[in-house]
Amino acid sequence: MTQHAMDARPANAPPHDPASDSPTASPETSASGTPAAANETRRVGIRDWYMLIVLTAIFVLSFIDRSSLSLVVVPLKKELGVSDFQMSLLLGLSFVVLYSTFSIPAGYLADRFSRRGIIGWAVFVWSSMTVLCGFATNYIQLFLGRTGIGIGEGALQPAAYSMIRDTFPPDRRGRAFGIYHMGPMLGVGFSLFVGGTLLSLSQSGDVAHWPILGALKPWQFVIVVPGLVGIPLALLMLTLREPKRAAKQVSADAPGYRDALRFIRSEWRLYVPLWIAATLYAMAISGFNAWLPTVISRAWDLPLPSIGRMLGPLMMASVPAGLVILGAVMDRLSRRGRRAAPLEVAMVSTFVSCLATLLLAFTDNHALAIVLYVCHTFFASPIPSSAGATMAQITPGRMMGKLSSLFFLVQNLLGLALGPTVAATIAHVFYSGPMAMGYAIVTTFCVCTAIAAVMYGLVAAQVRRRNFE
């Protein structure tokens with residue numbers, strides 16, 4: 001997939017089949033008519049980095065809103081009278097179904113309209129739905145509220161990926177996607193730390209005099225406050241400028257989803273293993289993070305606020321360090337001519353993270369467990385950013401929104417949605433006792449990431465042999 005020949009054609013040219021591109025296809029042209037290659041070598045400025053920081057902050061916010069539920073699993077189970085399996089559906093499936101499916105129209109919109117505006121409205125929608133979740137009075141209401149969050153957050157990824165792709169040249173994308181992908185782990189970390197603090201405040205009665213919020217139960221308070229904070233943050237998107245698209249401005253013959261699917265079919269040796277790897281990683285990390293506070297509570301008999309305040313800072317320190325350091329390694333290797341550098345770094349880091357996670361199952365020493373957890377988060381952090389950088393490398397600019405939306409549909413619907421349920425099922429079928437869930441999340445993570453590393457190796461072999469831009 002060199003630059004897509006369609007992108008350089010006149011607007012009145014006949015429809016083009018993306019599958020017919022040859023390795024010598026013409027380069028893309030920018031909206032101004034300049035070759036994409038020239039755009040790729042331009043200097044990245046302060047406004048570009050600011051855009052990335054804002055997108056990352058919004059990505060963090062999205063994970064705070066979606067992850068706050070994991071800290072209140074125990075009180076929610078008592079409040080609603082539900083099982084671990086029912087909670088797994090609330091943690092995963094309820095959110096991910098519409099989160100995944102809505103990414104399809106979002107990808108279509110991201111390739112045609114203002115990505116800045118799409119993300120701004122998305123933030124407002126999901127933050128509002130988060131607040132409504134906090135006022136739910138039964139399982140069904142909470143389940144429906146979580147699906148509403150998914151609608152808003154489903155628009156973020158295709159638009160953000162497209163903006164980053166059109167802003168940063170290839171030898172900066174490893175770091176750019178690395179910084180952006182601080183969002184998931186930082187969001188989970190913040191949700192644990194802030195959630196633990198909010199839970200402690202509510203349980204102590206210190207906020208009982210607050211209007212409306214003071215009357216909420218502790219689990220409701222933990223969900224509502226981050227949602228309220230998120231609503232005004234939607235205005236941050238007004239401070240950004242829309243990046244120039246790397247491809248010619250959208251015309252009547254712009255590629256649609258049928259063209260995108262045809263393109264994937266012609267390049268299945270690249271996309272299929274890459275998407276399998278990303279899906280398995282999403283399954284591994286969603287199952288691990290969704291149940292970890294509950295596992296620690298059962299194993300160490302610690303109160304949930306203490307668990308949140310312990311895990312949050314550890315994750316917020318180790319994940320940015322991993323993404324920045326390993327992302328810089330990706331970029332350095334890329335500048336030295338290693339085309340598959342993001343995948344190669346991810347393969348090594350996956351092995352180390354898998355080993356650290358496996359050792360967690362065999363230690364009852366708290367200090368050692370903390371060290372292993374930091375290793376787990378540090379080395380797992382660049383795995384999704386490597387997939388994002390590779391997607392940007394192999395995907396034509398005018399299809400980035402659509403192919404990203406299809407990518408996230410597969411990754412989220414089969415990975416993110418099923419991760420908590422897969423872990424709960426493994427615990428029920430293969431293990432027993434109070435540590436069953438702990439062994440299950442370790443098993444899920446190690447098996448899924450090991451297979452993902454093999455898939456990355458297959459993609460890397462293809463990338464080394466080809467020129468894309």
# chains A, B, ... in the order shown; residues from 1 in each chain; ligands from 1
>>> closest_atom_pairs(of="range 309-400 of chain A", to="range 43-66 of chain A", cutoff="12 Å", atoms="only C-alpha atoms", output="JSON lines")
{"residue": "A:Gly312", "atom": "CA", "partner": "A:Ile64", "partner_atom": "CA", "distance": 11.2}
{"residue": "A:Met316", "atom": "CA", "partner": "A:Val60", "partner_atom": "CA", "distance": 10.8}
{"residue": "A:Pro320", "atom": "CA", "partner": "A:Thr56", "partner_atom": "CA", "distance": 11.3}
>>> write_last_selection(atoms="C-alpha atoms", output="PDB file, in the first residue's frame")
ATOM      1  CA  GLY A 312      -3.705   4.920  40.214  1.00  0.00           C
ATOM      2  CA  MET A 316       0.042   7.102  35.942  1.00  0.00           C
ATOM      3  CA  PRO A 320       3.677   7.595  30.331  1.00  0.00           C
TER       4      PRO A 320
END
>>> closest_residue(among="A:Leu144, A:Leu71, A:Ala340, A:Leu280", to="Arg309 in chain A", atoms="only C-alpha atoms")
A:Leu71
>>> closest_residue(among="A:Val319, A:Met347, A:Leu406, A:Met283", to="Gly189 in chain A", atoms="only C-alpha atoms")
A:Val319
>>> select_by_dssp(residues="range 120-230 of chain A", states="helix (DSSP H, G or I)", output="number ranges by chain")
A: 120-134, 139-153, 156-167, 170-180, 182-204, 213-215, 218-230
>>> residues_around(residues="range 442-458 of chain A", least_positions_apart="3", cutoff="8 Å", atoms="only C-alpha atoms", output="PyMOL selection string")
chain A and resi 273-274+276-278+280-281+283-285+287-288+343-344+346-347+350-351+354-355+357-358+360-361+422-423+426+438-439+461-462
>>> residues_around(residues="range 166-179 of chain A", least_positions_apart="5", cutoff="6 Å", atoms="only C-alpha atoms", output="PyMOL selection string")
chain A and resi 40+245-246+323+327-328+330-331+385+389
>>> residues_around(residues="Ile140 in chain A", least_positions_apart="2", cutoff="12 Å", atoms="only C-alpha atoms", output="PyMOL selection string")
chain A and resi 80+82+86-87+89-90+94+133+136-138+142-147
>>> closest_residue(among="A:Tyr180, A:Phe193, A:Phe430, A:Tyr271", to="Ile307 in chain A", atoms="only C-alpha atoms")
A:Phe193
>>> closest_residue(among="A:Ile151, A:Phe85, A:Ile223, A:Trp275", to="Ser68 in chain A", atoms="only C-alpha atoms")
A:Ile223
>>> atom_distance(atom1="CA of Leu228 in chain A", atom2="CA of Gly120 in chain A")
15.2 Å
>>> residues_around(residues="Lys402 in chain A", least_positions_apart="2", cutoff="10 Å", atoms="only C-alpha atoms", output="list in words")
Ser103, Ile104, Pro105, Ala106, Gly107, Tyr108, Leu109, Ala110, Asp111, Pro158, Ala159, Ser162, Pro255, Gly256, Tyr257, Asp259, Ala260, Leu261, Arg398, Met399, Met400, Ser404, Ser405, Leu406, Phe407 and Phe408 of chain A
>>> atom_distance(atom1="CA of Ala290 in chain A", atom2="CA of Pro420 in chain A")
6.3 Å
>>> atom_distance(atom1="CA of Leu292 in chain A", atom2="CA of Ala387 in chain A")
24.8 Å
>>> closest_residue(among="A:Tyr139, A:Pro434, A:Ala122, A:Ser353", to="Ser83 in chain A", atoms="only C-alpha atoms")
A:Tyr139
>>> closest_residue(among="A:Ser349, A:Thr101, A:Thr197, A:Gln411", to="Val272 in chain A", atoms="only C-alpha atoms")
A:Gln411
>>> residues_around(residues="Lys217 in chain A", least_positions_apart="2", cutoff="10 Å", atoms="only C-alpha atoms", output="VMD selection string")
chain A and resid 75 134 to 135 199 202 to 203 208 213 to 215 219 to 222
